[in-house]
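A.B. asks: First, the structure itself, so that you have it in front of you.
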Amino acid sequence: MYSFRSIPRADRVTAGWGEMGNFMFTPFAVVGLANGFARVERTVRMMSLGNKVRSGVAFAVLLAMSSIATVAQETLTRKVTDIVRASAPPVLDGRLDEQVWAEATVITDLHQYEPVDHGEPSEASIFYVLYDDDNLYVGARLLDSEPSLIAARQMVQGQTVEVDDRIEVVLDPFNNMRTGYRFQLNPNGVRRDGLFDRATNVNEDWDGIWHAEAVIDEQGWTAEIVIPFKTLNFNPNNPNWGFAVARAIPRKKECIAWSSFDRAVNPSSAGILSGFSGLRQGRGLDIIPSVSLASNHDFATEDQATRTDPSVDVFYNFTPSLTGVLTFNTDFSATEVDDRQVNLTRFSTFFPEKRDFFLQDVDIFSFGPANRRPDNMGTNGMPFFSRRIGLSDAGQAVDINSGAKLTGRIGRLNVGVLGVNQDGFAGRRGYVEENDLFVGRVSANILEESTVGMIVTSGNPRSNIDNSLAGADFRYRNRRLLPGRTTEGAVYFQRSDSADLDADQSNWGAQIGVNASEGFQGRVEYEVMQPNFNPALGFLYRQDYERTRFWGGYSHRPQGHPWMRRLVTFISLEHHDTYSTGELETASYWWRPIHIETHRGDQFSLSVQDTHEVLAEPFTVARGTVIPAGEYEESGYELEAEWARERVLAPSMAIAKIGYYGGEQLTLTGSFDWRPSSRWYARVSYQYNDVVLPDSHFVTRLIQVRANLAFNVKWSWVNLIQYDNLSESVGINSRLRWNPRAGEDLYVVWNHDFDALAAFSDMHSRQSEFAVKYSRTFRF
């Protein structure tokens, strides 16, 4: 029931009208939106493109022209199958014994994409697909010649299932090959989902409402998945959805899929599920009331307080692709704490967003280069970073009174609008007044897989100085320009407008690269960051530079080797000049001559580096140590070893010895992951830095202990204990969760901080919080 078809351009790119997403309406929010548009208007008028920016635009035009030429010469072929409407909904029990599954579309034509791309799978897999007015149904029979070896060690809902046998469903309801949803399920019935904010990048912090069950039997295991259309944004007039199913067998390091490209399963490589019609979302109304009861104790002052915080979120689908969200008294008490980081650089540290409200349709707001990385280098200059909202400069929670959010798609347009009224708070630099904050983002899908768009922001969440920003970007992506490889590029420009600054408030750049899982890959990047560029609602850790970077690598997969699966070499060359003076600031190279991955999944590598840095100003690091201004030459090496996470006991370790501002830094890191059964998981990690400078010496230690206990798939207890000797404190975050069904949660949370002069010794309580939060989604 499947075939290969040439899909017309209109089906591939244009999704039709009515494809929008999340709107929150309050009087505060409306005022914030109006003020935001007014303040942004001045910034937009001030945007002017210099010679370098015009060169970047010319570069974008050349990319577009090459893509159009390619489209004219080649026809995109995608796998297609037709979906069948169910006569009755199946009973969700993980078994495929209902008669309705005999009516389903059957998919058996799966291929291996790891370790052999488009190789023959070692085990057979059968997928069944149905739908009705309200839900998409996916069933799976996963045959296994050794069912006793099926891995099912995760029982905590929402946690990673990467070490388990699992199945995966990828949906691209707009069939735009750029964004979509991922749903994963293991044999215990544990659900894990994510949102593709770009074609190849999954935000796994997104959490949707869907249902699934799984059963292990003597033939392998079976699964049933129900995905309500209320959970998805889609175009009701589009009969063709991007679709893929996949399976992983971790003990063999084997991955299997119906449709893939370059050893990856994502919206850009998905096939087509054709024949959708008559879909509905009911009234399209979700109401999520919650209540939080908390008790706080400050041991230094002996102050104690209790509070009751009711809150409510309301989601309304104006159309199947236009969702409104209304929030009052937003509560984040059940959000997990951040992992501590030891920062020995002169730059601020990036912590990812974990709050559910801001993760909703986060893909709409992404801007600029497609190769954003989770380290600081890939996030500098982000125009919008949601952690700026609701958190002070000291990391303390700030009340969000209300907000309005609009996200979704209209034809080729992807639209996002966010307005928030943030309460005033006492910051490090004085009292910050109540503030209206605004973000607007629109982009258009062009060519086969590319986009062009703009972003505007207004408001300053951590200062009383007015700030706004406007920017534009073009993202290029083409999987057909080079056989078996993906060509990606970007051109972007943004300008901030701070009330206390006049000139040099822009940032622009361009890049082009080729990605591949085998053979050569590489990228060239160019960026200018002017000294006064200040995205108050974004993330910025470095200013005043002109940067060029080249990185490249080569991956080789030896055929028939007894133990080696992959051999990789990689090099990065980067150069920073100070923009305002034109003088050298940093020149560095980083080379990994060898990285080996075994058939079992163990990895071993060696890397070397050399950096020349001109430090214009002194800065302070650990324990008040001051690094003086000057010129420094630093070099060193790192050895790393990581055993496969699928093992019951999986250690990892690394040793690095590098120059550090005229001295030397020795870094030792290590961890042990222990998964004795599906109920227990423990991880202990340790980082040690010994820094010797010409006039001083200091040592840092960071210890983290994770201990999870799953009583069953509905009850779990997750714990994180952290210590570092810089803050001389121990933090405990303990969360007991009851999740009887998707969309309903009870959390019991205990947070406790101790002063500690040594690792977990001589501890004295600093502050403590105990909270209970219950929430439930009502769908109409």
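To be explicit about the labels: the chains of the structure tokens are called A, B, and onward in the order shown, and within each one the residues are counted from 1, while ligands get numbers from 1 in the order they are shown.
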What's the 6 Å shell around A:Ala244, counting only C-alpha atoms, without same-chain residues fewer than 3 positions away, as a list of chain:residue names?

C.D. replies: A:Val169, A:Val170, A:Ser259, A:Ala270, A:Gly271

A.B. asks: Could you turn the residues from that selection into a file that holds N, CA and C atoms, as a CSV table (one decimal), in the first residue's frame?

C.D. replies:
chain,number,residue,atom,x,y,z
A,169,VAL,N,7.7,7.6,16.1
A,169,VAL,CA,6.8,8.1,15.0
A,169,VAL,C,7.1,9.6,14.8
A,170,VAL,N,7.4,10.0,13.6
A,170,VAL,CA,7.7,11.4,13.2
A,170,VAL,C,6.5,11.9,12.4
A,259,SER,N,11.5,5.5,6.3
A,259,SER,CA,12.0,6.5,5.5
A,259,SER,C,13.1,7.3,6.2
A,270,ALA,N,11.2,12.5,5.9
A,270,ALA,CA,10.0,11.7,6.1
A,270,ALA,C,9.4,11.4,4.7
A,271,GLY,N,8.6,10.3,4.7
A,271,GLY,CA,7.7,10.0,3.6
A,271,GLY,C,6.4,10.7,3.7

A.B. asks: Write out as a PyMOL selection string which residues come within 10 Å of A:Gly636 when counting only C-alpha atoms, dropping same-chain ones fewer than 4 positions away.

C.D. replies: chain A and resi 590+607-611+656-660+664-666

A.B. asks: Return the single residue from A:Asp466, A:Asp724, A:Asp356, A:Asp338 that is closest to A:Asn689, with distances computed using only C-alpha atoms.

C.D. replies: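 Checking each of A:Asp466, A:Asp724, A:Asp356, A:Asp338 against A:Asn689, counting only C-alpha atoms, the winner is A:Asp724.
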
A.B. asks: Would you kindly return, as an mmCIF file with all heavy atoms, in the first residue's frame, each protein, DNA or RNA residue with an atom no farther than 12 Å from any atom of A:Ile732, considering only C-alpha atoms and excluding same-chain residues fewer than 2 positions away?

C.D. replies:
data_model
loop_
_atom_site.group_PDB
_atom_site.id
_atom_site.type_symbol
_atom_site.label_atom_id
_atom_site.label_comp_id
_atom_site.auth_asym_id
_atom_site.auth_seq_id
_atom_site.Cartn_x
_atom_site.Cartn_y
_atom_site.Cartn_z
ATOM 1 N N GLU A 336 12.246 21.187 37.097
ATOM 2 C CA GLU A 336 13.489 20.641 37.617
ATOM 3 C C GLU A 336 14.565 21.716 37.675
ATOM 4 O O GLU A 336 14.563 22.672 36.903
ATOM 5 C CB GLU A 336 13.963 19.463 36.769
ATOM 6 C CG GLU A 336 14.303 19.809 35.338
ATOM 7 C CD GLU A 336 14.762 18.601 34.543
ATOM 8 O OE1 GLU A 336 15.773 18.007 34.944
ATOM 9 O OE2 GLU A 336 14.098 18.269 33.547
ATOM 10 N N VAL A 337 15.499 21.555 38.603
ATOM 11 C CA VAL A 337 16.552 22.551 38.785
ATOM 12 C C VAL A 337 17.619 22.389 37.704
ATOM 13 O O VAL A 337 17.716 21.350 37.045
ATOM 14 C CB VAL A 337 17.192 22.420 40.185
ATOM 15 C CG1 VAL A 337 16.157 22.655 41.265
ATOM 16 C CG2 VAL A 337 17.873 21.074 40.349
ATOM 17 N N ASP A 338 18.428 23.426 37.547
ATOM 18 C CA ASP A 338 19.526 23.389 36.577
ATOM 19 C C ASP A 338 20.681 22.540 37.096
ATOM 20 O O ASP A 338 20.916 22.458 38.304
ATOM 21 C CB ASP A 338 20.041 24.798 36.306
ATOM 22 C CG ASP A 338 19.032 25.661 35.582
ATOM 23 O OD1 ASP A 338 18.429 25.193 34.602
ATOM 24 O OD2 ASP A 338 18.856 26.817 36.013
ATOM 25 N N ASP A 339 21.400 21.937 36.164
ATOM 26 C CA ASP A 339 22.667 21.308 36.515
ATOM 27 C C ASP A 339 23.701 22.400 36.775
ATOM 28 O O ASP A 339 23.848 23.340 35.992
ATOM 29 C CB ASP A 339 23.165 20.417 35.366
ATOM 30 C CG ASP A 339 22.332 19.165 35.208
ATOM 31 O OD1 ASP A 339 21.494 18.895 36.083
ATOM 32 O OD2 ASP A 339 22.513 18.459 34.201
ATOM 33 N N ARG A 340 24.425 22.272 37.866
ATOM 34 C CA ARG A 340 25.463 23.249 38.172
ATOM 35 C C ARG A 340 26.604 23.124 37.163
ATOM 36 O O ARG A 340 26.895 22.042 36.658
ATOM 37 C CB ARG A 340 25.998 23.056 39.588
ATOM 38 C CG ARG A 340 24.972 23.324 40.678
ATOM 39 C CD ARG A 340 25.604 23.322 42.053
ATOM 40 N NE ARG A 340 24.610 23.449 43.098
ATOM 41 C CZ ARG A 340 24.890 23.545 44.394
ATOM 42 N NH1 ARG A 340 26.162 23.519 44.787
ATOM 43 N NH2 ARG A 340 23.924 23.664 45.287
ATOM 44 N N GLN A 704 27.903 15.545 41.312
ATOM 45 C CA GLN A 704 26.465 15.391 41.080
ATOM 46 C C GLN A 704 26.078 13.934 41.277
ATOM 47 O O GLN A 704 26.773 13.028 40.794
ATOM 48 C CB GLN A 704 26.090 15.836 39.668
ATOM 49 C CG GLN A 704 26.285 17.325 39.411
ATOM 50 C CD GLN A 704 25.920 17.715 37.994
ATOM 51 O OE1 GLN A 704 26.326 17.066 37.036
ATOM 52 N NE2 GLN A 704 25.157 18.770 37.840
ATOM 53 N N VAL A 705 24.977 13.727 41.972
ATOM 54 C CA VAL A 705 24.443 12.381 42.202
ATOM 55 C C VAL A 705 22.979 12.378 41.790
ATOM 56 O O VAL A 705 22.181 13.182 42.298
ATOM 57 C CB VAL A 705 24.581 11.954 43.673
ATOM 58 C CG1 VAL A 705 23.994 10.549 43.867
ATOM 59 C CG2 VAL A 705 26.036 11.999 44.125
ATOM 60 N N ARG A 706 22.634 11.515 40.861
ATOM 61 C CA ARG A 706 21.240 11.318 40.461
ATOM 62 C C ARG A 706 20.798 9.933 40.909
ATOM 63 O O ARG A 706 21.523 8.948 40.707
ATOM 64 C CB ARG A 706 21.073 11.445 38.946
ATOM 65 C CG ARG A 706 21.408 12.815 38.405
ATOM 66 C CD ARG A 706 21.194 12.899 36.897
ATOM 67 N NE ARG A 706 21.579 14.199 36.384
ATOM 68 C CZ ARG A 706 20.775 15.263 36.334
ATOM 69 N NH1 ARG A 706 19.530 15.151 36.766
ATOM 70 N NH2 ARG A 706 21.211 16.417 35.859
ATOM 71 N N ALA A 707 19.598 9.862 41.466
ATOM 72 C CA ALA A 707 19.048 8.577 41.904
ATOM 73 C C ALA A 707 17.551 8.577 41.614
ATOM 74 O O ALA A 707 16.809 9.382 42.182
ATOM 75 C CB ALA A 707 19.310 8.358 43.384
ATOM 76 N N VAL A 718 12.393 11.099 41.537
ATOM 77 C CA VAL A 718 13.597 11.545 40.857
ATOM 78 C C VAL A 718 14.351 12.496 41.780
ATOM 79 O O VAL A 718 13.771 13.461 42.304
ATOM 80 C CB VAL A 718 13.255 12.249 39.529
ATOM 81 C CG1 VAL A 718 14.501 12.793 38.859
ATOM 82 C CG2 VAL A 718 12.530 11.282 38.594
ATOM 83 N N ASN A 719 15.654 12.240 41.963
ATOM 84 C CA ASN A 719 16.444 13.017 42.916
ATOM 85 C C ASN A 719 17.746 13.484 42.282
ATOM 86 O O ASN A 719 18.390 12.738 41.524
ATOM 87 C CB ASN A 719 16.786 12.166 44.141
ATOM 88 C CG ASN A 719 15.552 11.635 44.847
ATOM 89 O OD1 ASN A 719 14.960 12.322 45.666
ATOM 90 N ND2 ASN A 719 15.154 10.402 44.517
ATOM 91 N N LEU A 720 18.132 14.712 42.612
ATOM 92 C CA LEU A 720 19.404 15.277 42.166
ATOM 93 C C LEU A 720 20.067 15.965 43.352
ATOM 94 O O LEU A 720 19.477 16.860 43.976
ATOM 95 C CB LEU A 720 19.192 16.271 41.024
ATOM 96 C CG LEU A 720 20.424 17.065 40.572
ATOM 97 C CD1 LEU A 720 21.522 16.135 40.054
ATOM 98 C CD2 LEU A 720 20.052 18.092 39.510
ATOM 99 N N ILE A 721 21.293 15.551 43.653
ATOM 100 C CA ILE A 721 22.092 16.156 44.715
ATOM 101 C C ILE A 721 23.356 16.725 44.080
ATOM 102 O O ILE A 721 24.038 16.022 43.323
ATOM 103 C CB ILE A 721 22.457 15.117 45.796
ATOM 104 C CG1 ILE A 721 21.186 14.449 46.353
ATOM 105 C CG2 ILE A 721 23.246 15.772 46.928
ATOM 106 C CD1 ILE A 721 21.474 13.299 47.281
ATOM 107 N N GLN A 722 23.672 17.986 44.397
ATOM 108 C CA GLN A 722 24.824 18.641 43.775
ATOM 109 C C GLN A 722 25.657 19.372 44.831
ATOM 110 O O GLN A 722 25.107 19.975 45.760
ATOM 111 C CB GLN A 722 24.365 19.653 42.719
ATOM 112 C CG GLN A 722 23.498 19.062 41.624
ATOM 113 C CD GLN A 722 23.147 20.080 40.561
ATOM 114 O OE1 GLN A 722 23.856 20.250 39.579
ATOM 115 N NE2 GLN A 722 22.050 20.778 40.755
ATOM 116 N N TYR A 723 26.976 19.316 44.638
ATOM 117 C CA TYR A 723 27.900 20.051 45.503
ATOM 118 C C TYR A 723 28.994 20.672 44.642
ATOM 119 O O TYR A 723 29.493 20.040 43.701
ATOM 120 C CB TYR A 723 28.552 19.121 46.531
ATOM 121 C CG TYR A 723 29.799 19.712 47.162
ATOM 122 C CD1 TYR A 723 29.702 20.637 48.196
ATOM 123 C CD2 TYR A 723 31.073 19.377 46.691
ATOM 124 C CE1 TYR A 723 30.844 21.202 48.759
ATOM 125 C CE2 TYR A 723 32.219 19.943 47.252
ATOM 126 C CZ TYR A 723 32.096 20.856 48.284
ATOM 127 O OH TYR A 723 33.225 21.418 48.829
ATOM 128 N N SER A 729 28.357 24.852 48.821
ATOM 129 C CA SER A 729 26.971 24.514 49.155
ATOM 130 C C SER A 729 26.581 23.177 48.539
ATOM 131 O O SER A 729 27.161 22.729 47.544
ATOM 132 C CB SER A 729 26.018 25.607 48.655
ATOM 133 O OG SER A 729 25.993 25.637 47.229
ATOM 134 N N VAL A 730 25.591 22.564 49.156
ATOM 135 C CA VAL A 730 24.956 21.340 48.665
ATOM 136 C C VAL A 730 23.504 21.652 48.369
ATOM 137 O O VAL A 730 22.823 22.311 49.174
ATOM 138 C CB VAL A 730 25.059 20.201 49.702
ATOM 139 C CG1 VAL A 730 24.226 18.998 49.263
ATOM 140 C CG2 VAL A 730 26.507 19.794 49.912
ATOM 141 N N SER A 734 14.342 16.980 45.058
ATOM 142 C CA SER A 734 13.676 15.675 45.100
ATOM 143 C C SER A 734 12.238 15.848 44.639
ATOM 144 O O SER A 734 11.504 16.686 45.189
ATOM 145 C CB SER A 734 13.721 15.119 46.531
ATOM 146 O OG SER A 734 13.112 13.845 46.600
ATOM 147 N N ARG A 735 11.838 15.065 43.634
ATOM 148 C CA ARG A 735 10.499 15.206 43.051
ATOM 149 C C ARG A 735 9.810 13.845 42.973
ATOM 150 O O ARG A 735 10.267 12.935 42.273
ATOM 151 C CB ARG A 735 10.576 15.823 41.665
ATOM 152 C CG ARG A 735 11.219 17.214 41.632
ATOM 153 C CD ARG A 735 11.060 17.876 40.285
ATOM 154 N NE ARG A 735 11.562 17.051 39.210
ATOM 155 C CZ ARG A 735 11.195 17.139 37.939
ATOM 156 N NH1 ARG A 735 10.272 18.007 37.591
ATOM 157 N NH2 ARG A 735 11.726 16.365 37.026
ATOM 158 N N VAL A 749 7.480 18.147 45.817
ATOM 159 C CA VAL A 749 8.838 18.616 45.549
ATOM 160 C C VAL A 749 9.476 19.112 46.843
ATOM 161 O O VAL A 749 8.868 19.884 47.604
ATOM 162 C CB VAL A 749 8.836 19.757 44.509
ATOM 163 C CG1 VAL A 749 10.254 20.206 44.205
ATOM 164 C CG2 VAL A 749 8.127 19.307 43.229
ATOM 165 N N TRP A 750 10.708 18.660 47.062
ATOM 166 C CA TRP A 750 11.495 19.137 48.202
ATOM 167 C C TRP A 750 12.815 19.689 47.694
ATOM 168 O O TRP A 750 13.582 18.976 47.046
ATOM 169 C CB TRP A 750 11.739 18.002 49.195
ATOM 170 C CG TRP A 750 12.609 18.386 50.361
ATOM 171 C CD1 TRP A 750 12.457 19.460 51.189
ATOM 172 C CD2 TRP A 750 13.771 17.687 50.822
ATOM 173 N NE1 TRP A 750 13.440 19.479 52.151
ATOM 174 C CE2 TRP A 750 14.266 18.397 51.958
ATOM 175 C CE3 TRP A 750 14.438 16.535 50.408
ATOM 176 C CZ2 TRP A 750 15.407 17.994 52.654
ATOM 177 C CZ3 TRP A 750 15.569 16.130 51.106
ATOM 178 C CH2 TRP A 750 16.039 16.856 52.214
ATOM 179 N N ASN A 751 13.075 20.960 47.965
ATOM 180 C CA ASN A 751 14.350 21.593 47.658
ATOM 181 C C ASN A 751 15.004 22.030 48.956
ATOM 182 O O ASN A 751 14.363 22.675 49.799
ATOM 183 C CB ASN A 751 14.149 22.822 46.755
ATOM 184 C CG ASN A 751 13.689 22.453 45.367
ATOM 185 O OD1 ASN A 751 14.294 21.611 44.711
ATOM 186 N ND2 ASN A 751 12.605 23.073 44.916
ATOM 187 N N HIS A 752 16.277 21.678 49.128
ATOM 188 C CA HIS A 752 16.982 22.039 50.356
ATOM 189 C C HIS A 752 18.417 22.399 50.015
ATOM 190 O O HIS A 752 19.110 21.662 49.322
ATOM 191 C CB HIS A 752 16.962 20.868 51.347
ATOM 192 C CG HIS A 752 17.237 21.278 52.768
ATOM 193 N ND1 HIS A 752 16.254 21.312 53.730
ATOM 194 C CD2 HIS A 752 18.376 21.684 53.379
ATOM 195 C CE1 HIS A 752 16.777 21.712 54.882
ATOM 196 N NE2 HIS A 752 18.074 21.944 54.693
ATOM 197 N N ASP A 753 18.860 23.551 50.509
ATOM 198 C CA ASP A 753 20.236 24.011 50.307
ATOM 199 C C ASP A 753 20.978 24.022 51.638
ATOM 200 O O ASP A 753 20.437 24.468 52.667
ATOM 201 C CB ASP A 753 20.255 25.421 49.707
ATOM 202 C CG ASP A 753 19.759 25.443 48.276
ATOM 203 O OD1 ASP A 753 19.803 24.388 47.615
ATOM 204 O OD2 ASP A 753 19.315 26.513 47.813
ATOM 205 N N PHE A 754 22.225 23.537 51.593
ATOM 206 C CA PHE A 754 23.081 23.505 52.764
ATOM 207 C C PHE A 754 24.353 24.295 52.485
ATOM 208 O O PHE A 754 24.894 24.270 51.371
ATOM 209 C CB PHE A 754 23.514 22.075 53.111
ATOM 210 C CG PHE A 754 22.387 21.133 53.437
ATOM 211 C CD1 PHE A 754 21.731 20.430 52.436
ATOM 212 C CD2 PHE A 754 21.993 20.922 54.759
ATOM 213 C CE1 PHE A 754 20.719 19.551 52.730
ATOM 214 C CE2 PHE A 754 20.979 20.034 55.058
ATOM 215 C CZ PHE A 754 20.329 19.342 54.050
ATOM 216 N N ASP A 755 24.877 24.974 53.496
ATOM 217 C CA ASP A 755 26.266 25.423 53.464
ATOM 218 C C ASP A 755 27.144 24.218 53.772
ATOM 219 O O ASP A 755 26.843 23.420 54.674
ATOM 220 C CB ASP A 755 26.506 26.513 54.511
ATOM 221 C CG ASP A 755 25.808 27.815 54.158
ATOM 222 O OD1 ASP A 755 25.848 28.199 52.978
ATOM 223 O OD2 ASP A 755 25.215 28.437 55.055
ATOM 224 N N PHE A 760 29.872 17.342 51.121
ATOM 225 C CA PHE A 760 28.858 16.634 51.898
ATOM 226 C C PHE A 760 29.285 16.443 53.360
ATOM 227 O O PHE A 760 28.966 15.435 53.989
ATOM 228 C CB PHE A 760 28.529 15.279 51.267
ATOM 229 C CG PHE A 760 28.094 15.388 49.828
ATOM 230 C CD1 PHE A 760 28.917 14.951 48.797
ATOM 231 C CD2 PHE A 760 26.880 15.963 49.494
ATOM 232 C CE1 PHE A 760 28.530 15.071 47.467
ATOM 233 C CE2 PHE A 760 26.480 16.084 48.169
ATOM 234 C CZ PHE A 760 27.301 15.648 47.151
ATOM 235 N N SER A 765 22.015 23.834 57.284
ATOM 236 C CA SER A 765 20.892 24.217 56.445
ATOM 237 C C SER A 765 20.878 25.713 56.177
ATOM 238 O O SER A 765 21.091 26.524 57.079
ATOM 239 C CB SER A 765 19.568 23.800 57.096
ATOM 240 O OG SER A 765 19.455 22.401 57.145
ATOM 241 N N ARG A 766 20.654 26.069 54.908
ATOM 242 C CA ARG A 766 20.574 27.465 54.501
ATOM 243 C C ARG A 766 19.127 27.855 54.237
ATOM 244 O O ARG A 766 18.628 28.825 54.777
ATOM 245 C CB ARG A 766 21.431 27.695 53.258
ATOM 246 C CG ARG A 766 21.357 29.096 52.698
ATOM 247 C CD ARG A 766 22.028 29.190 51.331
ATOM 248 N NE ARG A 766 23.452 28.906 51.397
ATOM 249 C CZ ARG A 766 24.234 28.807 50.331
ATOM 250 N NH1 ARG A 766 23.709 28.934 49.112
ATOM 251 N NH2 ARG A 766 25.517 28.558 50.469
ATOM 252 N N GLN A 767 18.456 27.114 53.371
ATOM 253 C CA GLN A 767 17.047 27.366 53.091
ATOM 254 C C GLN A 767 16.403 26.098 52.566
ATOM 255 O O GLN A 767 17.081 25.190 52.065
ATOM 256 C CB GLN A 767 16.861 28.498 52.092
ATOM 257 C CG GLN A 767 17.552 28.296 50.759
ATOM 258 C CD GLN A 767 17.455 29.512 49.863
ATOM 259 O OE1 GLN A 767 17.080 30.597 50.296
ATOM 260 N NE2 GLN A 767 17.792 29.340 48.593
ATOM 261 N N SER A 768 15.072 26.035 52.703
ATOM 262 C CA SER A 768 14.353 24.833 52.317
ATOM 263 C C SER A 768 12.979 25.209 51.790
ATOM 264 O O SER A 768 12.388 26.214 52.225
ATOM 265 C CB SER A 768 14.216 23.886 53.523
ATOM 266 O OG SER A 768 13.524 22.716 53.163
ATOM 267 N N GLU A 769 12.500 24.420 50.847
ATOM 268 C CA GLU A 769 11.151 24.607 50.316
ATOM 269 C C GLU A 769 10.511 23.244 50.110
ATOM 270 O O GLU A 769 11.130 22.318 49.583
ATOM 271 C CB GLU A 769 11.178 25.362 48.982
ATOM 272 C CG GLU A 769 9.781 25.564 48.381
ATOM 273 C CD GLU A 769 9.804 26.214 47.011
ATOM 274 O OE1 GLU A 769 10.461 25.650 46.111
ATOM 275 O OE2 GLU A 769 9.181 27.271 46.851
ATOM 276 N N PHE A 770 9.268 23.148 50.539
ATOM 277 C CA PHE A 770 8.476 21.934 50.316
ATOM 278 C C PHE A 770 7.206 22.358 49.592
ATOM 279 O O PHE A 770 6.494 23.262 50.040
ATOM 280 C CB PHE A 770 8.145 21.268 51.648
ATOM 281 C CG PHE A 770 7.364 19.985 51.500
ATOM 282 C CD1 PHE A 770 8.011 18.793 51.203
ATOM 283 C CD2 PHE A 770 5.987 19.973 51.641
ATOM 284 C CE1 PHE A 770 7.301 17.608 51.059
ATOM 285 C CE2 PHE A 770 5.264 18.801 51.502
ATOM 286 C CZ PHE A 770 5.920 17.613 51.208
#

A.B. asks: Counting only C-alpha atoms, figure out which residue out of A:Arg263, A:Arg675, A:Arg701, A:Lys773 gets nearest to A:Ser517.

C.D. replies: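 Result for the nearest residue to A:Ser517: A:Arg263.
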